[in-house]
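Undergrad: Got a structure here, written out as structure tokens. Questions coming.
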Protein chains: 2
Amino acid sequence: MALINENYTKLPSNYLFKEIARKLNVYKATRPNANLVRLDSGDSINIAKGNVAESLFNAVSAMAEYRIAEKLPVEELTKSLKSRILKVDYESYGVSRLTIDEIFLSNNAMNITSDVCDMFSNDNVLAFLDPSYPAYIYSAVMAGRSGEKRSDGRWSNFVYVPCDWTNGFLPNVPKEHCDVIYLNLPHNPTGAVFTHDKLKEWVKYASAHNAIIIYDASHSHYITEENVPHSIYEIRGAKKVAVEIRSFSKTTGFTGTNFAYLTIPKELSALSFDNEEISLNSIWQRRQITTFSGIPYLTLCSADALYSEEGVAERNKLVSYYMANAQLIRNTLGKLGFKVQGGVNSPYVWVKVPSHTGSWNFFERLLYEANIVCSPGVGFCPGGEGSVRFTGFASREETEEAMNRLKKWHV
Amino acid sequence: MALINENYTKLPSNYLFKEIARKLNVYKATRPNANLVRLDSGDSINIAKGNVAESLFNAVSAMAEYRIAEKLPVEELTKSLKSRILKVDYESYGVSRLTIDEIFLSNNAMNITSDVCDMFSNDNVLAFLDPSYPAYIYSAVMAGRSGEKRSDGRWSNFVYVPCDWTNGFLPNVPKEHCDVIYLNLPHNPTGAVFTHDKLKEWVKYASAHNAIIIYDASHSHYITEENVPHSIYEIRGAKKVAVEIRSFSKTTGFTGTNFAYLTIPKELSALSFDNEEISLNSIWQRRQITTFSGIPYLTLCSADALYSEEGVAERNKLVSYYMANAQLIRNTLGKLGFKVQGGVNSPYVWVKVPSHTGSWNFFERLLYEANIVCSPGVGFCPGGEGSVRFTGFASREETEEAMNRLKKWHV
């Protein structure tokens with residue numbers, strides 16, 4: 001009989017978001033008329049209006065006209081979009097000398113984070129912030145990189161770098177040697193950011209250890225403070241040590257159309273067993289042409305619109321809206337005496353729950369006593385235990401309603 | 001320095017479709033006004049009109065309205081779509097007792113074909129038809145399953161089953177033991193199909209060897225003959241040995257919106273090292289909830305429309321259109337004395353080129369002397385040498401023009 005990939009059997013069956021859904025079903029079964037406010041959503045759900053929607057309408061029309069698709073300027077549109085990306089996401093932050101050949105378009109940031117790591121041998125040591133976005137870790141588990149799960153819930157082959165209340169969410173570089181480091185900044189779930197100086201330490205570590213940083217900057221549009229880099233390439237030398245991932249599911253509702261990209265500078269390389277330095281850009285390009293059929297035309301059109309001046313303005317409006325929600329959550333919880341983190345450069349607010357209260361326990365109390373849904377921190381790695389995550393992605397009215405309930409609940 | 005995944009370095013840099021594009025650029029550089037007819041396209045480029053386009057318009061409108069996304073009936077729509085799939089793709093061909101839990105929606109058939117194989121240990125022996133759709137093979141190369149490339153262009157660890165002029169495109173089951181078998185029927189690139197009886201032999205082989213068949217039925221909507229199964233599950237016992245893949249890029253232009261699905265019957269299992277039988281359905285479900293964020297809302301809406309009565313009728317219209325092109329190609333080339341295959345249950349026509357003419361050589365002659373683009377067979381695996389592929393995806397006018405040129409060229 002065909003043998004199964006044993007690594008797949010290591011995956012948990014009670015993944016965080018599935019488990020939340022299960023608990024909500026139990027709740028709703030006994031309270032069918034309950035009016036829950038959900039502050040657990042990890043995705044924005046609006047597409048930018050105006051020219052993005054218009055561009056989608058036009059693209060659908062073009063595709064619905066017989067044979068017109070043949071003349072669709074896919075190649076030109078791809079170049080236009082990549083040039084806009086360079087301008088909006090990089091040049092405006094002082095990152096120059098990247099070219100369109102260093103940008104790889106993709107359907108889905110979630111796929112990129114796991115696929116990109118496939119470029120590296122399983123002999124590499126992987127490091128993650130703790131807590132962390134769980135899909136990074138599970139994709140590495142499936143790829144056979146994890147070793148065994150220890151009794152504390154961490155995997156034996158991974159290096160975990162705490163990013164928590166003990167170090168003010170400004171973790172130092174690992175003491176041990178690592179080869180591939182996942183950094184997700186602004187950080188999901190804690191909303192933490194690195195200053196320029198802090199990120200410099202990590203780039204320096206990667207240079208010294210010849211390590212590669214997989215830098216997920218999908219939340220960079222939320223940054224408001226001046227000394228926080230939007231791209232890792234703002235740090236000198238980073239092009240030699242980092243790939244960067246961006247997506248829109250966190251700002252402009254691209255969960256609906258799916259668009260993301262991966263930047264791989266040409267000067268970035270990794271080592272073959274023969275000690276040859278191999279360009280990751282050329283390796284990825286080879287992978288793409290053999291297995292990737294391109295992003296859908298509709299996505300191409302809407303992403304291009306999103307990078308126009310009007311699109312960027314629309315995006316900024318949405319970002320401000322979500323950030324006002326996050327600030328409201330942060331301020332309310334702070335006034336109620338909770339320790340809070342995030343909500344300044346991120347739509348996430350990370351909240352310390354009363355000591356001796358587990359994060360699932362707090363989740364349940366909040367659900368049943370105040371009818372509010374948050375995300376238990378432990379679901380984001382063992383290091384998230386003792387905290388919960390609130391997000392700014394609900395409507396203003398819902399967020400205000402939730403805060404009123406919190407005030408009453410906490411009395 | 002981080003170590004590279006050595007398997008990635010085995011990928012060719014001159015992948016078929018990239019190489020065709022390169023040769024066309026050379027051609028166009030010297031003949032900027034040339035009027036080429038392209039009969040090499042592997043994708044249909046039309047979306048069904050009528051309710052599919054309408055459904056996309058409505059979905060864009062819904063997403064453009066503020067906050068409406070929250071109320072979008074994603075769960076209901078997913079159930080509706082899966083129920084329609086069961087009815088249209090399975091029940092109407094006599095395949096019963098599949099449930100919606102056995103259907104996994106996805107963005108992209110290309111990803112499924114490689115991801116699904118990830119469920120299996122690298123200790124399994126893989127088998128492919130030869131020629132074959134190249135992405136199957138390259139994804140297995142990247143996953144480290146291939147061994148080394150032999151001088152004949154084949155990989156040492158794979159079993160190649162000829163599907164060619166020598167066996168009338170009705171290959172017998174392998175003589176050796178295989179664990180995972182890729183079958184793509186109707187076959188890309190040759191347009192071959194298996195009759196019920198032939199497919200039965202393969203299912204019987206898989207049962208006897210406890211092997212898994214990865215059955216890519218993405219072209220099944222093109223089947224016109226009665227004794228050709230549309231789904232492998234029409235064969236008794238196949239639910240215990242096969243997963244099935246479907247997509248729309250080959251019929252209704254879903255290259256523009258990207259939709260595919262994977263069927264994994266609950267009775268299908270593979271073996272752990274401890275000799276435990278593990279349900280592939282549950283393993284895949286676990287994988288999906290940890291790493292897949294769902295197909296985009298726009299795709300969900302358009303796919304659902306495509307499975308409505310009106311959508312199916314639109315699809316059939318498109319299929320008839322492409323098939324008339326394919327028949328025209330088949331008949332013309334046949335009358336000109338070429339040996340032809342396909343074009344009856346498939347939009348592909350596979351043509352034997354004159355002996356002692358390589359398929360790239362024929363491609364170049366056709367390009368420079370008749371201004372027609374085909375796909376050289378050798379690009380689809382070594383077994384494709386000596387043949388080329390024509391597709392029915394151009395317009396009727398273009399196809400007719402190409403056939404007139406062929407007649408003149410061949411005189």
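Residues in the structure tokens are numbered from 1 in each chain, the chains being A, B, ... in the order shown, and ligands are numbered from 1 in the order shown.
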Please provide the set of residues having any atom within 12 Å of Lys82 (chain A), restricted to only C-alpha atoms, with same-chain residues fewer than 3 positions apart removed, written as a VMD selection string.
TA: chain A and resid 75 to 79 85 to 90 98 to 106 260 to 263 300 303 to 308
Undergrad: Among region 8-246 of chain A, which ones does DSSP place in strand (DSSP E), written as a ChimeraX atom specification?
TA: /A:37-38,103-106,126-130,159-162,180-184,212-216,242-246
Undergrad: Give me the region 333-381 of chain A side of the contact with region 182-187 of chain A, cut-off 10 Å, one line per residue showing its nearest atom pair and distance in Å at one decimal, counting only C-alpha atoms, sorted by chain and residue number, as a Markdown table.
TA:
```
| residue | atom | partner | partner_atom | distance |
| --- | --- | --- | --- | --- |
| A:Gly342 | CA | A:His187 | CA | 8.7 |
| A:Val344 | CA | A:Pro186 | CA | 10.0 |
| A:Asn345 | CA | A:Pro186 | CA | 6.9 |
| A:Ser346 | CA | A:Pro186 | CA | 6.3 |
| A:Pro347 | CA | A:Pro186 | CA | 9.4 |
| A:Tyr348 | CA | A:His187 | CA | 8.7 |
```
Undergrad: Between CA of Ile245 (chain A) and CA of Ser218 (chain A), what distance in Å does the model show, to one decimal?
TA: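 Spanning CA of Ile245 (chain A) to CA of Ser218 (chain A) is a straight-line distance of 6.5 Å.
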Undergrad: Please compute the CA of Val37 (chain B)-CA of Ile372 (chain B) distance, one decimal, in Å.
TA: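 Interatomic distance here is 4.9 Å.
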Undergrad: One decimal, Å: what's the distance from CA of Ile232 (chain A) over to CA of Val180 (chain A), could you say?
TA: 15.1 Å
Undergrad: Taking into account only C-alpha atoms, which residue in the set A:Lys175, A:Lys204, A:Arg38, A:His209 is nearest to Gly392 (chain A)?
TA: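 Looking only at the distances to Gly392 (chain A), the closest residue turns out to be A:Arg38.
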Undergrad: Using only C-alpha atoms, which protein or nucleic acid residues come within 12 Å of Asn361 (chain B)? Drop anything in the same chain fewer than 2 positions from it, and give the result as number ranges by chain.
TA: B: 23, 353-359, 363-369, 374-378, 385-388
Undergrad: I need the residues from that last selection saved to file as a tab-separated table (two decimals), in the first residue's frame (with N, CA, C and O atoms), if you can.
TA:
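selection_1.tsv, freshly written:
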```
chain	number	residue	atom	x	y	z
B	23	LYS	N	11.42	31.20	-28.52
B	23	LYS	CA	11.57	31.03	-29.97
B	23	LYS	C	10.64	31.99	-30.74
B	23	LYS	O	11.00	32.48	-31.81
B	353	VAL	N	5.05	13.51	-36.78
B	353	VAL	CA	5.79	14.27	-37.78
B	353	VAL	C	6.57	13.29	-38.65
B	353	VAL	O	6.76	12.14	-38.25
B	354	PRO	N	6.98	13.70	-39.85
B	354	PRO	CA	7.70	12.77	-40.74
B	354	PRO	C	8.89	12.15	-40.02
B	354	PRO	O	9.54	12.81	-39.21
B	355	SER	N	9.17	10.89	-40.30
B	355	SER	CA	10.27	10.22	-39.58
B	355	SER	C	11.58	10.95	-39.86
B	355	SER	O	11.75	11.62	-40.87
B	356	HIS	N	12.47	10.82	-38.92
B	356	HIS	CA	13.76	11.52	-38.94
B	356	HIS	C	13.62	13.02	-38.76
B	356	HIS	O	14.59	13.76	-38.93
B	357	THR	N	12.40	13.51	-38.47
B	357	THR	CA	12.23	14.93	-38.16
B	357	THR	C	11.97	15.04	-36.66
B	357	THR	O	11.01	14.46	-36.17
B	358	GLY	N	12.80	15.75	-35.94
B	358	GLY	CA	12.55	15.94	-34.52
B	358	GLY	C	11.35	16.86	-34.33
B	358	GLY	O	10.98	17.62	-35.23
B	359	SER	N	10.73	16.80	-33.15
B	359	SER	CA	9.53	17.61	-32.97
B	359	SER	C	9.86	19.10	-32.89
B	359	SER	O	9.08	19.94	-33.34
B	363	PHE	N	8.43	21.93	-35.42
B	363	PHE	CA	7.91	23.18	-34.85
B	363	PHE	C	8.50	24.39	-35.57
B	363	PHE	O	7.79	25.30	-35.97
B	364	GLU	N	9.81	24.38	-35.77
B	364	GLU	CA	10.49	25.52	-36.38
B	364	GLU	C	10.09	25.68	-37.86
B	364	GLU	O	9.88	26.78	-38.34
B	365	ARG	N	9.99	24.55	-38.53
B	365	ARG	CA	9.61	24.62	-39.94
B	365	ARG	C	8.20	25.18	-40.07
B	365	ARG	O	7.93	26.04	-40.91
B	366	LEU	N	7.31	24.69	-39.25
B	366	LEU	CA	5.92	25.14	-39.30
B	366	LEU	C	5.84	26.64	-38.98
B	366	LEU	O	5.06	27.38	-39.59
B	367	LEU	N	6.66	27.05	-38.03
B	367	LEU	CA	6.67	28.46	-37.64
B	367	LEU	C	7.18	29.34	-38.78
B	367	LEU	O	6.51	30.31	-39.18
B	368	TYR	N	8.32	28.99	-39.33
B	368	TYR	CA	8.96	29.87	-40.31
B	368	TYR	C	8.36	29.73	-41.71
B	368	TYR	O	8.35	30.67	-42.49
B	369	GLU	N	7.83	28.54	-42.05
B	369	GLU	CA	7.34	28.34	-43.41
B	369	GLU	C	5.83	28.53	-43.53
B	369	GLU	O	5.34	28.92	-44.57
B	374	CYS	N	2.75	25.31	-33.08
B	374	CYS	CA	2.26	24.11	-32.41
B	374	CYS	C	3.14	23.85	-31.19
B	374	CYS	O	4.02	24.65	-30.89
B	375	SER	N	2.91	22.77	-30.46
B	375	SER	CA	3.77	22.44	-29.31
B	375	SER	C	4.56	21.17	-29.62
B	375	SER	O	3.96	20.13	-29.93
B	376	PRO	N	5.89	21.24	-29.55
B	376	PRO	CA	6.72	20.06	-29.85
B	376	PRO	C	6.48	18.97	-28.80
B	376	PRO	O	6.53	19.24	-27.59
B	377	GLY	N	6.25	17.77	-29.25
B	377	GLY	CA	5.91	16.68	-28.34
B	377	GLY	C	6.96	16.36	-27.31
B	377	GLY	O	6.65	15.98	-26.18
B	378	VAL	N	8.23	16.53	-27.66
B	378	VAL	CA	9.29	16.14	-26.74
B	378	VAL	C	9.25	16.99	-25.47
B	378	VAL	O	9.73	16.57	-24.41
B	385	GLU	N	8.66	12.73	-28.31
B	385	GLU	CA	9.50	13.01	-29.48
B	385	GLU	C	8.89	12.34	-30.72
B	385	GLU	O	8.33	11.25	-30.65
B	386	GLY	N	8.94	13.08	-31.84
B	386	GLY	CA	8.39	12.52	-33.07
B	386	GLY	C	6.94	12.92	-33.32
B	386	GLY	O	6.36	12.56	-34.34
B	387	SER	N	6.35	13.67	-32.37
B	387	SER	CA	4.97	14.14	-32.55
B	387	SER	C	4.87	15.61	-32.12
B	387	SER	O	5.75	16.11	-31.44
B	388	VAL	N	3.81	16.26	-32.53
B	388	VAL	CA	3.53	17.62	-32.04
B	388	VAL	C	2.06	17.70	-31.65
B	388	VAL	O	1.24	16.90	-32.08
```
Undergrad: Find the residues near region 128-136 of chain B: any atom within 7 Å, counting only C-alpha atoms, skip ones fewer than 5 places away on the same chain, and give them as a list in words.
TA: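 Returned residues: Thr290 and Thr291 of chain A; Thr113, Ser114, Val159, Tyr160, Val161, Pro162, Cys163, Ile181, Tyr182, Leu183, Asn188, Pro189, Phe380, Cys381, Pro382, Gly383 and Gly384 of chain B.
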Undergrad: Create the file for the chosen residues now, containing C-alpha atoms and written as a compact mmCIF listing (two decimals), in the first residue's frame.
TA:
```txt
# COMPACT_ATOMS: atom_id res chain seq x y z
CA THR A 290 7.54 24.96 -14.34
CA THR A 291 4.65 24.96 -11.88
CA THR B 113 -1.51 17.90 -8.71
CA SER B 114 1.70 18.56 -6.80
CA VAL B 159 8.24 4.37 -13.93
CA TYR B 160 7.30 5.58 -17.41
CA VAL B 161 4.37 3.93 -19.17
CA PRO B 162 4.41 4.62 -22.92
CA CYS B 163 1.17 6.04 -24.30
CA ILE B 181 0.17 6.55 -10.48
CA TYR B 182 -0.63 9.75 -12.34
CA LEU B 183 -3.36 9.29 -14.96
CA ASN B 188 -2.82 15.80 -22.32
CA PRO B 189 -1.01 16.06 -24.77
CA PHE B 380 5.92 16.69 -22.79
CA CYS B 381 8.49 14.02 -21.87
CA PRO B 382 10.94 12.05 -24.02
CA GLY B 383 8.10 9.81 -25.20
CA GLY B 384 6.58 12.76 -27.04
```
Undergrad: Excluding same-chain residues fewer than 3 positions from Gly50 (chain A), what lies within 10 Å of it counting only C-alpha atoms, as a count of residues only?
TA: 10
Undergrad: Between A:Asp216, A:Glu226, A:Asp118, A:Asp123, which one has atoms that come closest to Phe248 (chain A), using only C-alpha atoms?
TA: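 Of A:Asp216, A:Glu226, A:Asp118, A:Asp123, the one nearest Phe248 (chain A) is A:Asp216, counting only C-alpha atoms.
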Undergrad: Check region 162-388 of chain B with DSSP on the backbone and list each residue it calls helix (DSSP H, G or I), as a VMD selection string.
TA: chain B and resid 165 to 167 196 to 209 220 to 222 232 to 234 238 to 240 280 to 291 297 to 306 309 to 335 359 to 370 377 to 380 382 to 384
Undergrad: Write out as a list of chain:residue names which residues come within 10 Å of Val173 (chain A) when counting only C-alpha atoms, dropping same-chain ones fewer than 3 positions away.
TA: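 These residues fall inside the cut-off: A:Val161, A:Leu170, A:Glu176, A:His177, A:Cys178, A:Lys198, A:Leu199, A:Glu201, A:Trp202, A:Val203, A:Lys204, A:Tyr205, A:Ala206.
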